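Participant: Following this line is entry-v3.txt, made up of compact mmCIF, C-alpha atoms:
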# COMPACT_ATOMS: atom_id res chain seq x y z
CA MET Q 1 82.36 -73.01 -48.49
CA THR Q 2 80.94 -70.13 -46.56
CA LYS Q 3 78.04 -69.83 -44.18
CA SER Q 4 76.44 -67.38 -46.62
CA GLU Q 5 76.61 -69.92 -49.45
CA ALA Q 6 74.97 -72.59 -47.29
CA ILE Q 7 72.19 -70.24 -46.17
CA LYS Q 8 71.58 -69.08 -49.74
CA HIS Q 9 71.37 -72.68 -50.97
CA PHE Q 10 68.96 -73.86 -48.29
CA GLY Q 11 66.99 -70.60 -48.16
CA SER Q 12 67.35 -69.67 -44.49
CA ILE Q 13 69.34 -70.31 -41.34
CA GLN Q 14 66.49 -72.44 -40.03
CA ALA Q 15 66.45 -74.56 -43.20
CA VAL Q 16 70.20 -75.20 -42.83
CA ALA Q 17 69.68 -76.14 -39.20
CA ASP Q 18 66.80 -78.48 -40.04
CA ALA Q 19 68.80 -80.20 -42.81
CA LEU Q 20 71.69 -80.82 -40.42
CA GLY Q 21 69.59 -81.67 -37.39
CA ILE Q 22 71.00 -78.81 -35.32
CA THR Q 23 69.62 -75.60 -33.84
CA HIS Q 24 69.17 -72.22 -35.49
CA GLY Q 25 71.55 -70.80 -32.88
CA ALA Q 26 74.27 -73.27 -33.79
CA VAL Q 27 74.18 -72.18 -37.44
CA TRP Q 28 74.03 -68.51 -36.43
CA GLN Q 29 77.26 -68.94 -34.43
CA TRP Q 30 79.22 -70.50 -37.29
CA PRO Q 31 82.18 -68.51 -38.63
CA GLU Q 32 81.79 -67.29 -42.22
CA ASN Q 33 84.34 -69.85 -43.46
CA LEU Q 34 82.95 -73.18 -42.31
CA PRO Q 35 85.11 -75.91 -40.76
CA ILE Q 36 85.98 -78.62 -43.28
CA ASP Q 37 83.98 -81.31 -41.46
CA ARG Q 38 80.81 -79.22 -41.67
CA GLN Q 39 81.55 -78.40 -45.32
CA ALA Q 40 81.86 -82.11 -46.10
CA GLN Q 41 78.54 -82.82 -44.40
CA ILE Q 42 76.81 -80.07 -46.41
CA GLU Q 43 78.42 -81.28 -49.65
CA ILE Q 44 76.95 -84.73 -49.07
CA LEU Q 45 73.52 -83.34 -48.13
CA THR Q 46 73.41 -81.17 -51.25
CA GLY Q 47 74.61 -83.92 -53.57
CA GLY Q 48 77.58 -81.79 -54.56
CA ALA Q 49 75.63 -78.61 -55.30
CA LEU Q 50 77.86 -77.02 -52.65
CA LEU Q 51 81.44 -78.25 -52.60
CA ALA Q 52 83.80 -78.39 -49.65
CA ASP Q 53 86.98 -76.35 -50.02
CA VAL Q 54 89.41 -79.26 -50.15
CA PRO Q 55 92.90 -78.19 -51.27
CA GLY Q 56 94.11 -80.00 -54.36
CA ARG Q 57 90.85 -81.77 -55.06
CA GLY Q 58 90.74 -80.57 -58.69
CA GLN Q 59 89.50 -83.33 -61.00
CA TYR Q 60 88.25 -85.40 -58.08
CA ALA Q 61 85.43 -83.01 -57.19
CA LEU Q 62 81.91 -84.36 -57.16
CA PRO Q 63 79.97 -83.22 -60.24
CA ARG Q 64 77.58 -80.36 -59.59
CA SER Q 65 73.90 -81.07 -60.04
CA ALA Q 66 72.42 -79.61 -63.19
Let me see whether you can do it: turn the structure in this file into structure tokens.
Facilitator:
Amino acid sequence: MTKSEAIKHFGSIQAVADALGITHGAVWQWPENLPIDRQAQIEILTGGALLADVPGRGQYALPRSA
């Protein structure tokens, strides 16, 4: 998952920050390819609409929301 994908999903950097309970500046400083722990947190918050890049997860991925 990338920072760009998260921002696009939530609508803005501030919306990502608000959803995660962190500051705008913290999101702004993220690398483009998010750390796996942050990806997992976002996957849970989005109900699987955004999926963490877990190697080998294949059939075990959470279903995407319709």
Participant: Work out how far atom CA of Thr46 of chain Q is from atom CA of Val27 of chain Q, in Å to one decimal.
Facilitator: 16.5 Å
Participant: Mind giving me the straight-line distance from atom CA of Asp18 of chain Q to atom CA of Asp53 of chain Q in Å, one decimal?
Facilitator: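 Value for the atom CA of Asp18 of chain Q-atom CA of Asp53 of chain Q distance: 22.6 Å.
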Participant: When you draw a straight line from atom CA of Gln39 of chain Q to atom CA of Thr2 of chain Q, how long is it in Å?
Facilitator: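 According to the coordinates, atom CA of Gln39 of chain Q and atom CA of Thr2 of chain Q are separated by 8.4 Å.
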Participant: Restricting the calculation to all atoms listed in the file: of Q:Val54, Q:Arg38, Q:Asn33, Q:Ile22, which residue gets closest to Lys3 of chain Q?
Facilitator: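 Checking each candidate against Lys3 of chain Q, we get Q:Asn33 as the closest.
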Participant: For Glu5 of chain Q, find every residue with an atom within 12 Å (counting only C-alpha atoms), except residues of its own chain fewer than 2 positions away, and show them as a list in words.
Facilitator: Met1, Thr2, Lys3, Ile7, Lys8, His9, Phe10, Gly11, Ser12, Ile13, Val16, Glu32, Asn33, Leu34, Gln39, Ile42, Glu43, Thr46, Ala49, Leu50, Leu51 and Ala52 of chain Q
Participant: Choose the residue, out of Q:Ala6, Q:Ala19, Q:Gly56, Q:Leu45, that has the smallest atom-to-atom separation from Pro31 of chain Q; count only C-alpha atoms.
Facilitator: Q:Ala6
Participant: With distances taken over all atoms listed in the file, which residue among Q:Pro55, Q:Leu20, Q:Ala15, Q:Trp28 lies nearest Gln41 of chain Q?
Facilitator: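 Going through Q:Pro55, Q:Leu20, Q:Ala15, Q:Trp28 one by one, the smallest distance to Gln41 of chain Q is for Q:Leu20.
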Participant: Write out as a list of chain:residue names each polymer residue whose atoms come within 9 Å of Gly25 of chain Q, counting only C-alpha atoms; drop sequence neighbours fewer than 5 positions from it.
Facilitator: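 My list of contacting residues is Q:Ile13, Q:Gln14, Q:Ala17, Q:Trp30.
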Participant: Axis-aligned box over every listed atom of segment 2-20 of chain Q, padded by 4 Å per side: centre and edges in Å to one decimal, as JSON?
Facilitator:
{"center_x": 73.7, "center_y": -74.1, "center_z": -45.1, "size_x": 22.5, "size_y": 21.4, "size_z": 19.8}
